[in-house]
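Text of protein_31.txt, listed as compact mmCIF, C-alpha atoms and all ligand atoms:
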# COMPACT_ATOMS: atom_id res chain seq x y z
CA MET A 18 -0.81 -4.16 1.40
CA THR A 19 -4.24 -2.73 0.74
CA PRO A 20 -4.49 -0.33 -2.18
CA ALA A 21 -5.17 3.33 -1.61
CA SER A 22 -8.79 4.30 -1.12
CA GLY A 23 -10.50 4.99 -4.40
CA ILE A 24 -8.60 2.42 -6.42
CA PRO A 25 -11.17 -0.07 -7.68
CA PRO A 26 -10.61 -3.55 -6.24
CA GLY A 27 -9.07 -5.93 -8.73
CA GLN A 28 -7.16 -3.15 -10.46
CA PRO A 29 -3.40 -3.65 -10.24
CA VAL A 30 -1.81 -1.29 -7.76
CA ARG A 31 0.54 1.18 -9.36
CA VAL A 32 3.84 2.01 -7.81
CA LEU A 33 5.53 5.25 -8.80
CA SER A 34 8.85 6.76 -7.93
CA GLY A 35 11.27 9.28 -9.33
CA MET A 36 14.94 10.11 -9.04
CA ARG A 37 16.74 13.36 -9.71
CA PRO A 38 19.50 13.16 -12.30
CA THR A 39 22.06 15.12 -10.34
CA GLY A 40 24.99 12.70 -10.09
CA ARG A 41 26.38 9.25 -10.70
CA LEU A 42 24.81 6.39 -8.76
CA HIS A 43 26.79 4.41 -6.23
CA LEU A 44 26.52 1.29 -4.08
CA GLY A 45 24.43 3.19 -1.54
CA HIS A 46 21.75 3.83 -4.17
CA TYR A 47 21.89 0.18 -5.16
CA HIS A 48 21.39 -1.18 -1.65
CA GLY A 49 18.79 1.46 -0.82
CA VAL A 50 16.57 2.48 -3.69
CA LEU A 51 17.42 0.37 -6.73
CA ARG A 52 17.15 -3.11 -5.27
CA ASN A 53 13.82 -2.01 -3.85
CA TRP A 54 12.65 -0.84 -7.28
CA VAL A 55 13.73 -4.11 -8.83
CA ARG A 56 11.73 -6.09 -6.27
CA LEU A 57 8.63 -3.90 -6.61
CA GLN A 58 8.52 -4.13 -10.41
CA HIS A 59 7.59 -7.80 -10.01
CA GLU A 60 4.87 -7.15 -7.45
CA TYR A 61 3.12 -4.11 -8.90
CA GLU A 62 2.61 -2.10 -12.03
CA ALA A 63 5.69 0.07 -11.71
CA PHE A 64 6.46 3.53 -13.09
CA TYR A 65 9.95 4.92 -12.54
CA PHE A 66 10.99 8.25 -13.91
CA VAL A 67 13.88 10.66 -14.23
CA ALA A 68 12.81 13.77 -12.32
CA ASP A 69 14.54 16.33 -14.53
CA TRP A 70 12.15 19.18 -13.68
CA HIS A 71 12.71 18.44 -10.02
CA ALA A 72 16.45 18.71 -10.54
CA LEU A 73 15.88 22.16 -12.05
CA THR A 74 14.20 23.40 -8.87
CA THR A 75 17.59 23.31 -7.13
CA HIS A 76 20.02 23.23 -10.07
CA TYR A 77 18.54 25.84 -12.39
CA GLU A 78 21.86 27.67 -12.57
CA GLU A 79 23.73 24.56 -13.65
CA SER A 80 21.18 22.85 -15.85
CA HIS A 81 23.94 21.16 -17.89
CA ILE A 82 24.30 18.72 -14.96
CA ILE A 83 20.93 17.29 -15.85
CA ARG A 84 21.82 16.48 -19.43
CA GLU A 85 25.12 14.99 -18.36
CA ASN A 86 23.47 12.65 -15.90
CA ILE A 87 20.19 11.59 -17.45
CA TRP A 88 21.37 8.81 -19.72
CA GLU A 89 24.01 7.61 -17.34
CA MET A 90 21.36 7.31 -14.66
CA VAL A 91 19.02 5.35 -16.88
CA ILE A 92 21.89 3.03 -17.79
CA ASP A 93 22.62 2.54 -14.10
CA TRP A 94 18.98 1.66 -13.44
CA LEU A 95 18.96 -0.88 -16.26
CA ALA A 96 22.29 -2.31 -15.19
CA ALA A 97 21.01 -2.72 -11.63
CA GLY A 98 18.13 -4.83 -12.89
CA VAL A 99 15.30 -2.37 -13.42
CA ASP A 100 13.60 -4.09 -16.32
CA PRO A 101 11.71 -2.24 -19.05
CA HIS A 102 9.57 -5.33 -19.57
CA HIS A 103 8.30 -5.02 -16.01
CA ALA A 104 8.43 -1.30 -15.37
CA THR A 105 7.61 1.83 -17.35
CA LEU A 106 10.71 4.02 -17.49
CA PHE A 107 10.47 7.61 -18.66
CA ILE A 108 11.67 11.18 -18.34
CA GLN A 109 9.39 13.60 -16.53
CA SER A 110 9.68 16.47 -19.02
CA GLN A 111 8.60 14.14 -21.82
CA VAL A 112 5.21 13.76 -20.16
CA PRO A 113 3.89 17.33 -20.12
CA GLN A 114 0.69 16.09 -18.46
CA HIS A 115 2.57 16.36 -15.15
CA ALA A 116 2.81 20.10 -15.73
CA GLU A 117 -0.85 20.51 -16.61
CA LEU A 118 -1.98 18.71 -13.48
CA PHE A 119 0.52 20.74 -11.47
CA THR A 120 -1.03 23.95 -12.77
CA LEU A 121 -4.56 22.81 -12.01
CA LEU A 122 -3.60 21.66 -8.52
CA ALA A 123 -1.80 24.96 -7.91
CA MET A 124 -5.15 26.76 -8.16
CA ILE A 125 -6.46 24.94 -5.10
CA THR A 126 -3.28 24.72 -3.02
CA PRO A 127 -3.28 26.91 0.08
CA LEU A 128 0.17 28.54 0.34
CA PRO A 129 0.68 27.51 3.99
CA TRP A 130 0.48 23.85 2.94
CA LEU A 131 3.65 24.38 0.90
CA GLU A 132 5.40 26.65 3.36
CA ARG A 133 5.07 24.12 6.14
CA VAL A 134 6.66 21.22 4.20
CA PRO A 135 9.83 20.63 6.27
CA SER A 136 12.18 20.27 3.28
CA TYR A 137 11.33 23.82 2.17
CA LYS A 138 13.08 25.53 5.05
CA ASP A 139 15.61 22.73 5.68
CA GLN A 140 17.00 22.77 2.17
CA GLN A 141 17.13 26.55 2.03
CA THR A 142 19.31 26.43 5.13
CA GLN A 143 21.38 23.49 3.92
CA LEU A 144 22.00 24.71 0.39
CA LYS A 145 23.06 28.21 1.40
CA ASP A 146 25.07 28.80 -1.77
CA LYS A 147 21.93 28.50 -3.89
CA ASP A 148 19.14 31.03 -4.07
CA LEU A 149 16.10 28.88 -3.37
CA SER A 150 13.63 31.66 -2.79
CA THR A 151 11.98 30.75 -6.07
CA TYR A 152 8.41 29.95 -6.94
CA GLY A 153 9.54 26.63 -8.42
CA PHE A 154 11.30 25.54 -5.29
CA LEU A 155 8.32 26.35 -3.08
CA GLY A 156 6.06 24.48 -5.48
CA TYR A 157 8.27 21.45 -5.89
CA PRO A 158 6.37 19.20 -3.46
CA LEU A 159 3.21 20.06 -5.40
CA LEU A 160 4.92 19.04 -8.63
CA GLN A 161 5.69 15.77 -6.87
CA SER A 162 2.00 15.47 -5.98
CA ALA A 163 1.15 15.89 -9.65
CA ASP A 164 3.75 13.22 -10.56
CA ILE A 165 2.03 10.77 -8.26
CA LEU A 166 -1.62 11.64 -8.83
CA ILE A 167 -1.38 11.74 -12.62
CA TYR A 168 -0.79 7.95 -12.51
CA ARG A 169 -3.26 7.37 -9.69
CA ALA A 170 -0.42 5.58 -7.98
CA GLY A 171 -1.41 3.60 -4.91
CA LEU A 172 2.06 3.21 -3.47
CA VAL A 173 5.03 5.54 -3.50
CA PRO A 174 8.35 4.03 -2.47
CA VAL A 175 10.41 6.82 -0.95
CA GLY A 176 12.84 7.42 1.87
CA GLU A 177 12.02 9.07 5.15
CA ASP A 178 12.90 12.53 3.77
CA GLN A 179 10.08 12.34 1.22
CA VAL A 180 7.25 11.20 3.47
CA ALA A 181 5.97 14.75 4.01
CA HIS A 182 5.63 15.14 0.23
CA VAL A 183 3.43 12.07 -0.06
CA GLU A 184 1.43 13.38 2.88
CA LEU A 185 0.87 16.64 0.98
CA THR A 186 -0.16 14.55 -2.03
CA ARG A 187 -2.82 12.82 0.05
CA GLU A 188 -4.15 16.14 1.24
CA MET A 189 -4.21 17.50 -2.29
CA ALA A 190 -6.11 14.44 -3.54
CA ARG A 191 -8.63 14.82 -0.76
CA ARG A 192 -9.06 18.51 -1.47
CA PHE A 193 -9.44 17.95 -5.20
CA ASN A 194 -12.05 15.23 -4.71
CA TYR A 195 -13.84 17.40 -2.20
CA LEU A 196 -14.01 20.36 -4.56
CA TYR A 197 -14.65 18.60 -7.85
CA GLY A 198 -15.84 15.09 -7.11
CA ARG A 199 -19.29 15.71 -5.80
CA GLU A 200 -22.26 14.50 -7.77
CA PRO A 201 -25.08 16.92 -8.56
CA GLY A 202 -27.83 16.98 -5.95
CA TYR A 203 -25.72 15.02 -3.50
CA GLU A 204 -24.71 18.08 -1.57
CA ASP A 205 -28.27 19.39 -1.11
CA ARG A 206 -29.52 16.10 0.20
CA ALA A 207 -26.60 15.84 2.63
CA LYS A 208 -27.15 19.39 3.87
CA GLU A 209 -30.82 18.66 4.39
CA ALA A 210 -29.87 15.63 6.47
CA ILE A 211 -27.55 17.73 8.64
CA THR A 212 -30.43 19.99 9.67
CA LYS A 213 -32.22 16.89 10.95
CA LEU A 214 -29.40 16.31 13.44
CA GLY A 215 -30.52 19.38 15.38
CA LYS A 216 -28.70 22.65 15.73
CA LYS A 217 -25.94 21.68 18.14
CA THR A 218 -25.10 18.26 16.75
CA GLY A 219 -25.39 19.60 13.22
CA SER A 220 -22.84 22.33 13.71
CA LEU A 221 -20.48 19.96 15.52
CA TYR A 222 -20.79 17.59 12.55
CA ARG A 223 -19.91 20.42 10.15
CA ARG A 224 -16.87 21.44 12.16
CA LEU A 225 -15.53 17.90 12.40
CA ARG A 226 -16.10 17.32 8.72
CA THR A 227 -14.19 20.47 7.76
CA ALA A 228 -11.34 19.51 10.10
CA TYR A 229 -11.05 16.18 8.35
CA LEU A 230 -11.51 17.31 4.78
CA GLU A 231 -9.35 20.39 4.90
CA ARG A 232 -6.65 19.34 7.32
CA GLY A 233 -6.84 15.56 7.24
CA ASP A 234 -7.62 15.44 10.97
CA GLN A 235 -8.19 11.71 11.47
CA GLU A 236 -9.39 12.15 15.05
CA ALA A 237 -12.11 14.51 13.87
CA LEU A 238 -13.26 11.85 11.39
CA ASP A 239 -13.44 9.21 14.13
CA THR A 240 -15.32 11.55 16.45
CA ALA A 241 -17.81 12.46 13.74
CA ARG A 242 -18.41 8.79 12.90
CA ALA A 243 -19.05 8.00 16.57
CA LEU A 244 -21.41 10.95 16.69
CA LEU A 245 -23.41 9.64 13.74
CA GLU A 246 -23.46 6.14 15.15
CA LYS A 247 -25.31 7.46 18.22
CA GLN A 248 -28.07 9.26 16.31
CA ARG A 249 -31.49 7.74 16.83
CA ASN A 250 -33.75 10.32 15.21
CA ILE A 251 -32.66 10.18 11.60
CA THR A 252 -33.42 7.63 8.90
CA ILE A 253 -30.91 5.01 7.83
CA GLY A 254 -30.74 6.66 4.42
CA ASP A 255 -29.82 10.01 5.91
CA LYS A 256 -27.32 8.36 8.19
CA GLU A 257 -25.56 6.72 5.28
CA ARG A 258 -25.63 9.96 3.34
CA LEU A 259 -23.97 11.71 6.26
CA PHE A 260 -21.31 9.02 6.58
CA GLY A 261 -20.45 9.47 2.90
CA TYR A 262 -20.59 13.25 3.04
CA LEU A 263 -18.15 13.18 5.93
CA GLU A 264 -15.41 11.93 3.65
CA GLY A 265 -16.12 14.30 0.83
CA GLY A 266 -18.90 12.31 -0.68
CA GLY A 267 -19.26 11.67 -4.35
CA LYS A 268 -16.58 10.49 -6.68
CA ILE A 269 -12.94 9.88 -6.01
CA ILE A 270 -11.15 11.23 -9.07
CA LEU A 271 -7.66 11.23 -7.59
CA PRO A 272 -7.07 8.39 -5.12
CA GLU A 273 -4.87 8.97 -2.09
CA PRO A 274 -1.50 7.24 -2.38
CA LYS A 275 0.32 5.55 0.44
CA VAL A 276 3.98 5.74 1.34
CA LEU A 277 5.98 2.58 0.95
CA LEU A 278 8.91 3.47 3.13
CA THR A 279 12.25 2.46 1.64
CA PRO A 280 14.38 1.24 4.52
CA ALA A 281 17.36 3.57 4.92
CA SER A 282 20.35 2.13 3.09
CA LYS A 283 22.61 0.34 5.53
CA MET A 284 25.42 0.62 3.06
CA PRO A 285 28.41 2.03 4.88
CA GLY A 286 30.86 4.23 3.04
CA LEU A 287 34.63 3.91 2.88
CA ASP A 288 35.02 5.86 6.10
CA GLY A 289 32.33 4.18 8.22
CA GLN A 290 29.79 6.96 7.69
CA LYS A 291 26.75 6.36 5.53
CA MET A 292 27.77 6.15 1.86
CA SER A 293 26.98 9.49 0.27
CA LYS A 294 28.28 11.73 -2.49
CA SER A 295 28.62 14.59 -0.04
CA TYR A 296 30.97 12.57 2.19
CA ASN A 297 33.12 11.57 -0.76
CA ASN A 298 33.19 7.97 0.48
CA THR A 299 31.45 6.17 -2.36
CA ILE A 300 31.99 3.26 -4.68
CA ALA A 301 30.33 3.98 -8.00
CA LEU A 302 28.00 1.39 -9.49
CA ARG A 303 30.33 1.06 -12.46
CA GLU A 304 33.63 1.31 -10.56
CA GLU A 305 36.39 -0.81 -12.12
CA PRO A 306 37.67 -3.75 -10.01
CA ASP A 307 41.16 -2.21 -9.78
CA GLU A 308 39.70 0.98 -8.47
CA ILE A 309 37.50 -0.87 -5.96
CA GLN A 310 40.57 -2.76 -4.80
CA ARG A 311 42.56 0.46 -4.42
CA LYS A 312 39.83 2.41 -2.64
CA MET A 313 39.03 -0.34 -0.18
CA GLN A 314 42.60 -1.36 0.47
CA THR A 315 43.38 2.12 1.70
CA MET A 316 40.37 2.30 4.01
CA PRO A 317 41.23 3.26 7.57
CA THR A 318 40.97 0.49 10.21
CA ASP A 319 40.98 0.38 14.01
CA PRO A 320 43.80 2.83 14.87
CA ALA A 321 44.88 0.50 17.69
CA ARG A 322 46.24 -1.93 15.11
CA VAL A 323 49.44 -0.09 14.37
CA ARG A 324 51.44 -3.25 13.88
CA ARG A 325 50.27 -6.60 12.61
CA ALA A 326 50.65 -8.09 16.11
CA ASP A 327 48.47 -5.42 17.77
CA PRO A 328 44.95 -6.71 18.54
CA GLY A 329 42.00 -4.64 17.37
CA ASP A 330 38.29 -4.18 17.84
CA PRO A 331 35.98 -4.52 14.83
CA GLU A 332 33.50 -2.13 16.46
CA LYS A 333 36.07 0.62 15.98
CA CYS A 334 36.77 -0.21 12.36
CA PRO A 335 34.89 0.98 9.23
CA VAL A 336 35.59 -2.35 7.55
CA TRP A 337 33.40 -4.23 10.02
CA PRO A 338 30.07 -2.68 8.87
CA LEU A 339 30.95 -3.91 5.38
CA HIS A 340 31.31 -7.44 6.71
CA GLN A 341 27.87 -7.05 8.21
CA VAL A 342 26.49 -6.38 4.74
CA TYR A 343 28.54 -8.91 2.77
CA SER A 344 29.85 -11.71 4.98
CA ASP A 345 28.27 -14.93 6.24
CA GLU A 346 28.23 -15.89 9.92
CA GLU A 347 31.38 -17.94 9.64
CA THR A 348 33.39 -15.11 8.12
CA LYS A 349 32.05 -12.63 10.64
CA ALA A 350 33.12 -14.92 13.49
CA TRP A 351 36.54 -15.21 11.82
CA VAL A 352 36.82 -11.41 11.76
CA GLN A 353 35.69 -10.93 15.35
CA GLN A 354 38.00 -13.58 16.68
CA GLY A 355 40.95 -12.92 14.40
CA CYS A 356 40.91 -9.16 14.86
CA ARG A 357 40.71 -9.28 18.64
CA SER A 358 43.52 -11.83 18.87
CA ALA A 359 45.63 -10.36 16.08
CA ALA A 360 45.44 -13.72 14.37
CA ILE A 361 44.49 -12.07 11.07
CA GLY A 362 45.88 -9.06 9.30
CA CYS A 363 43.79 -6.11 8.14
CA LEU A 364 44.62 -6.75 4.50
CA GLU A 365 43.28 -10.31 4.51
CA CYS A 366 40.28 -9.14 6.51
CA LYS A 367 39.54 -6.43 3.94
CA GLN A 368 40.12 -8.71 0.99
CA LYS A 369 36.99 -10.71 1.84
CA VAL A 370 34.75 -7.67 1.48
CA ILE A 371 36.70 -6.35 -1.48
CA ASP A 372 36.05 -9.64 -3.30
CA ALA A 373 32.38 -9.51 -2.33
CA VAL A 374 31.92 -5.97 -3.64
CA ILE A 375 33.75 -6.77 -6.87
CA ALA A 376 31.61 -9.88 -7.35
CA GLU A 377 28.43 -7.95 -6.69
CA LEU A 378 29.27 -5.15 -9.10
CA ASP A 379 30.72 -7.35 -11.82
CA PRO A 380 27.43 -8.23 -13.57
CA ILE A 381 26.18 -4.67 -13.10
CA ARG A 382 29.27 -3.22 -14.75
CA ARG A 383 29.00 -5.65 -17.64
CA ARG A 384 25.35 -4.87 -18.26
CA ALA A 385 26.07 -1.15 -18.02
CA ALA A 386 28.80 -1.49 -20.63
CA GLU A 387 26.35 -3.22 -22.97
CA TYR A 388 23.76 -0.49 -22.62
CA ALA A 389 26.38 2.25 -22.87
CA SER A 390 27.54 0.79 -26.18
CA ASP A 391 24.00 0.90 -27.54
CA PRO A 392 22.58 4.39 -26.94
CA THR A 393 19.76 3.76 -29.41
CA LEU A 394 18.49 0.89 -27.30
CA VAL A 395 18.42 3.07 -24.18
CA LYS A 396 16.71 5.91 -26.03
CA ASN A 397 14.10 3.51 -27.39
CA ILE A 398 13.35 2.18 -23.92
CA ILE A 399 12.76 5.72 -22.72
CA ALA A 400 10.74 6.65 -25.80
CA GLU A 401 8.44 3.67 -25.33
CA GLY A 402 8.14 4.30 -21.62
CA GLY A 403 7.23 7.90 -22.29
CA GLU A 404 4.55 6.90 -24.76
CA HIS A 405 2.91 4.57 -22.29
CA ALA A 406 3.24 7.09 -19.46
CA ARG A 407 1.59 9.79 -21.59
CA ASP A 408 -1.36 7.49 -22.38
CA VAL A 409 -1.96 6.68 -18.73
CA ALA A 410 -1.47 10.30 -17.65
CA GLU A 411 -3.84 11.56 -20.33
CA GLU A 412 -6.59 9.27 -19.04
CA THR A 413 -6.37 10.80 -15.60
CA LEU A 414 -6.15 14.28 -17.00
CA ASP A 415 -9.32 13.72 -19.03
CA ASP A 416 -11.22 12.92 -15.86
CA VAL A 417 -9.62 15.85 -14.08
CA ARG A 418 -10.53 18.35 -16.81
CA GLN A 419 -14.05 16.99 -16.92
CA ALA A 420 -14.49 17.20 -13.16
CA ILE A 421 -13.39 20.83 -13.12
CA GLY A 422 -15.50 21.61 -16.16
CA LEU A 423 -12.71 22.32 -18.60
CA GLU A 424 -14.06 20.27 -21.48
CA TYR A 425 -15.45 22.43 -24.16
CA SER A 426 -15.83 20.23 -27.20
N1 LIG A 501 11.51 14.41 -4.83
C1 LIG A 501 12.12 13.11 -5.00
C2 LIG A 501 13.58 13.20 -4.51
O1 LIG A 501 14.12 14.27 -4.45
C3 LIG A 501 12.06 12.65 -6.41
C4 LIG A 501 10.67 12.59 -6.89
C5 LIG A 501 10.06 13.47 -7.71
C6 LIG A 501 9.69 11.59 -6.57
N2 LIG A 501 8.78 13.11 -7.94
C7 LIG A 501 8.52 11.97 -7.25
C8 LIG A 501 9.71 10.46 -5.77
C9 LIG A 501 7.34 11.24 -7.13
C10 LIG A 501 8.53 9.73 -5.65
C11 LIG A 501 7.36 10.11 -6.32
O2 LIG A 501 14.14 12.17 -4.22
FE1 LIG A 502 39.26 -3.79 10.89
FE2 LIG A 502 39.46 -6.29 10.05
FE3 LIG A 502 41.65 -4.87 10.67
FE4 LIG A 502 39.99 -5.67 12.55
S1 LIG A 502 41.18 -6.97 11.22
S2 LIG A 502 40.88 -3.64 12.37
S3 LIG A 502 38.03 -5.54 11.54
S4 LIG A 502 40.22 -4.49 9.01

Could I get this structure in the form of structure tokens?
Amino acid sequence: MTPASGIPPGQPVRVLSGMRPTGRLHLGHYHGVLRNWVRLQHEYEAFYFVADWHALTTHYEESHIIRENIWEMVIDWLAAGVDPHHATLFIQSQVPQHAELFTLLAMITPLPWLERVPSYKDQQTQLKDKDLSTYGFLGYPLLQSADILIYRAGLVPVGEDQVAHVELTREMARRFNYLYGREPGYEDRAKEAITKLGKKTGSLYRRLRTAYLERGDQEALDTARALLEKQRNITIGDKERLFGYLEGGGKIILPEPKVLLTPASKMPGLDGQKMSKSYNNTIALREEPDEIQRKMQTMPTDPARVRRADPGDPEKCPVWPLHQVYSDEETKAWVQQGCRSAAIGCLECKQKVIDAVIAELDPIRRRAAEYASDPTLVKNIIAEGGEHARDVAEETLDDVRQAIGLEYS
């Protein structure tokens, strides 16, 4: 994967992601987000944070939920294998630099950019019982942009639902660099070169450049480059100047991050639907073996198998998708064959996946218990992570303040 533009070659690529502390984590989180985080922490310089301010944008009337979930969530991360020696773990509100960058970005954010983010209208419709006509809720994707840009993250692992937010982040970075990244004198020389293109070509160049810089129109960029390529009557120096000016020119203070799409969790829930808190079909990351056994034993199966002797069809049974996650080829063949011929019973069929889930969660539950019994250890991990995060964030913010002209000492 190539780093985002503007990240000096040779510099380790930073990965950044956040999670809202609004509930207990379950197997779906593990198979989706957490295993991905664990893998990425070995490949990149990783920053993972508890997005408590983000939780407030939707849960401001029940802010106690945040406090109740923060530490449990961090324990779940650690138990799942997120390793403080390989990743920086912290709490958003303990790095106030996010808020400062958010404020500065807010000054240059056109309102329509926020209003057109799909989650803005979608969530307002979905969460009807909450009043989300707040300033904070509208601005939440911009806060996310600040979260990402403050670390100059190159890659942002998120699910499909968050892609539009990273897209906004890219546009904000481009706009910031465009407004504050230009070197003195650069602009005048570029403008001078445009006049040498002739009236018609010059104004086309300006239009295409604006379309790219302000709206991220990639086609406009390509067209403008082709246009420049064709020019015969300008010097090579001017040509190069115009190529640079096309992309904002000057310095890149905030590099554009890329999405690292987290594949949607294939983890099926207890009813065959996707595992999700809202479907009430989850197995918690720290579920006790007895409870796992009970929950899975009572899962529905193919309704055609009323009696033990009735044959069934795995495709019509919510247990089958679990075999697809946990069982080897031999076991899967055993299920297919045994179910269709009524050679196996549902209980023995289920027991294979029950054992697999219990075995998978066993080390996680043990590690969680260790961390839970040592709150000081967990708090120290977060304190150290916060310290490091603040240092990195402050470096970016220094450059940002300087670029805008907010350094007075
Ligand atoms: N908005 C994300 C969510 O709801 C959480 C989040 C906040 C995040 N800031 C982020 C994710 C920055 C990635 C990068 O899931
Ligand atoms: Fe489902 Fe297995 Fe029973 Fe078939 S045998 S219906 S796959 S639980």

Counting only C-alpha atoms and all ligand atoms, which of A:Leu42, A:Val67, A:Ala386, A:Val55 gets nearest to ligand LIG 501 (chain A)? A:Val67

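Interatomic distance, atom CA of A:Val173 to atom CA of A:Leu185: 12.7 Å.
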
Close residues to ligand LIG 501 (chain A) using all atoms listed in the file, limit 6 Å, as a ChimeraX atom specification: /A:33-37,68,161,164-165,173,175

Residues within 8 Å of ligand LIG 502 (chain A), counting only C-alpha atoms and all ligand atoms, as a VMD selection string: chain A and resid 317 to 322 328 to 337 352 to 353 355 to 357 359 361 to 367

Can you tell me, as a PDB file with C-alpha atoms, in the frame of the given file, what residues are no more than 12 Å from A:His340 when counting only C-alpha atoms, ignoring any on the same chain fewer than 6 positions away?
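The new file part_6.pdb reads:
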ATOM      1  CA  LYS A 283      22.610   0.340   5.530  1.00  0.00           C
ATOM      2  CA  MET A 284      25.420   0.620   3.060  1.00  0.00           C
ATOM      3  CA  PRO A 285      28.410   2.030   4.880  1.00  0.00           C
ATOM      4  CA  GLY A 289      32.330   4.180   8.220  1.00  0.00           C
ATOM      5  CA  PRO A 331      35.980  -4.520  14.830  1.00  0.00           C
ATOM      6  CA  GLU A 332      33.500  -2.130  16.460  1.00  0.00           C
ATOM      7  CA  CYS A 334      36.770  -0.210  12.360  1.00  0.00           C
ATOM      8  CA  GLU A 346      28.230 -15.890   9.920  1.00  0.00           C
ATOM      9  CA  GLU A 347      31.380 -17.940   9.640  1.00  0.00           C
ATOM     10  CA  THR A 348      33.390 -15.110   8.120  1.00  0.00           C
ATOM     11  CA  LYS A 349      32.050 -12.630  10.640  1.00  0.00           C
ATOM     12  CA  ALA A 350      33.120 -14.920  13.490  1.00  0.00           C
ATOM     13  CA  TRP A 351      36.540 -15.210  11.820  1.00  0.00           C
ATOM     14  CA  VAL A 352      36.820 -11.410  11.760  1.00  0.00           C
ATOM     15  CA  GLN A 353      35.690 -10.930  15.350  1.00  0.00           C
ATOM     16  CA  CYS A 366      40.280  -9.140   6.510  1.00  0.00           C
ATOM     17  CA  LYS A 367      39.540  -6.430   3.940  1.00  0.00           C
ATOM     18  CA  GLN A 368      40.120  -8.710   0.990  1.00  0.00           C
ATOM     19  CA  LYS A 369      36.990 -10.710   1.840  1.00  0.00           C
ATOM     20  CA  VAL A 370      34.750  -7.670   1.480  1.00  0.00           C
ATOM     21  CA  ILE A 371      36.700  -6.350  -1.480  1.00  0.00           C
ATOM     22  CA  ASP A 372      36.050  -9.640  -3.300  1.00  0.00           C
ATOM     23  CA  ALA A 373      32.380  -9.510  -2.330  1.00  0.00           C
ATOM     24  CA  VAL A 374      31.920  -5.970  -3.640  1.00  0.00           C
TER      25      VAL A 374
END
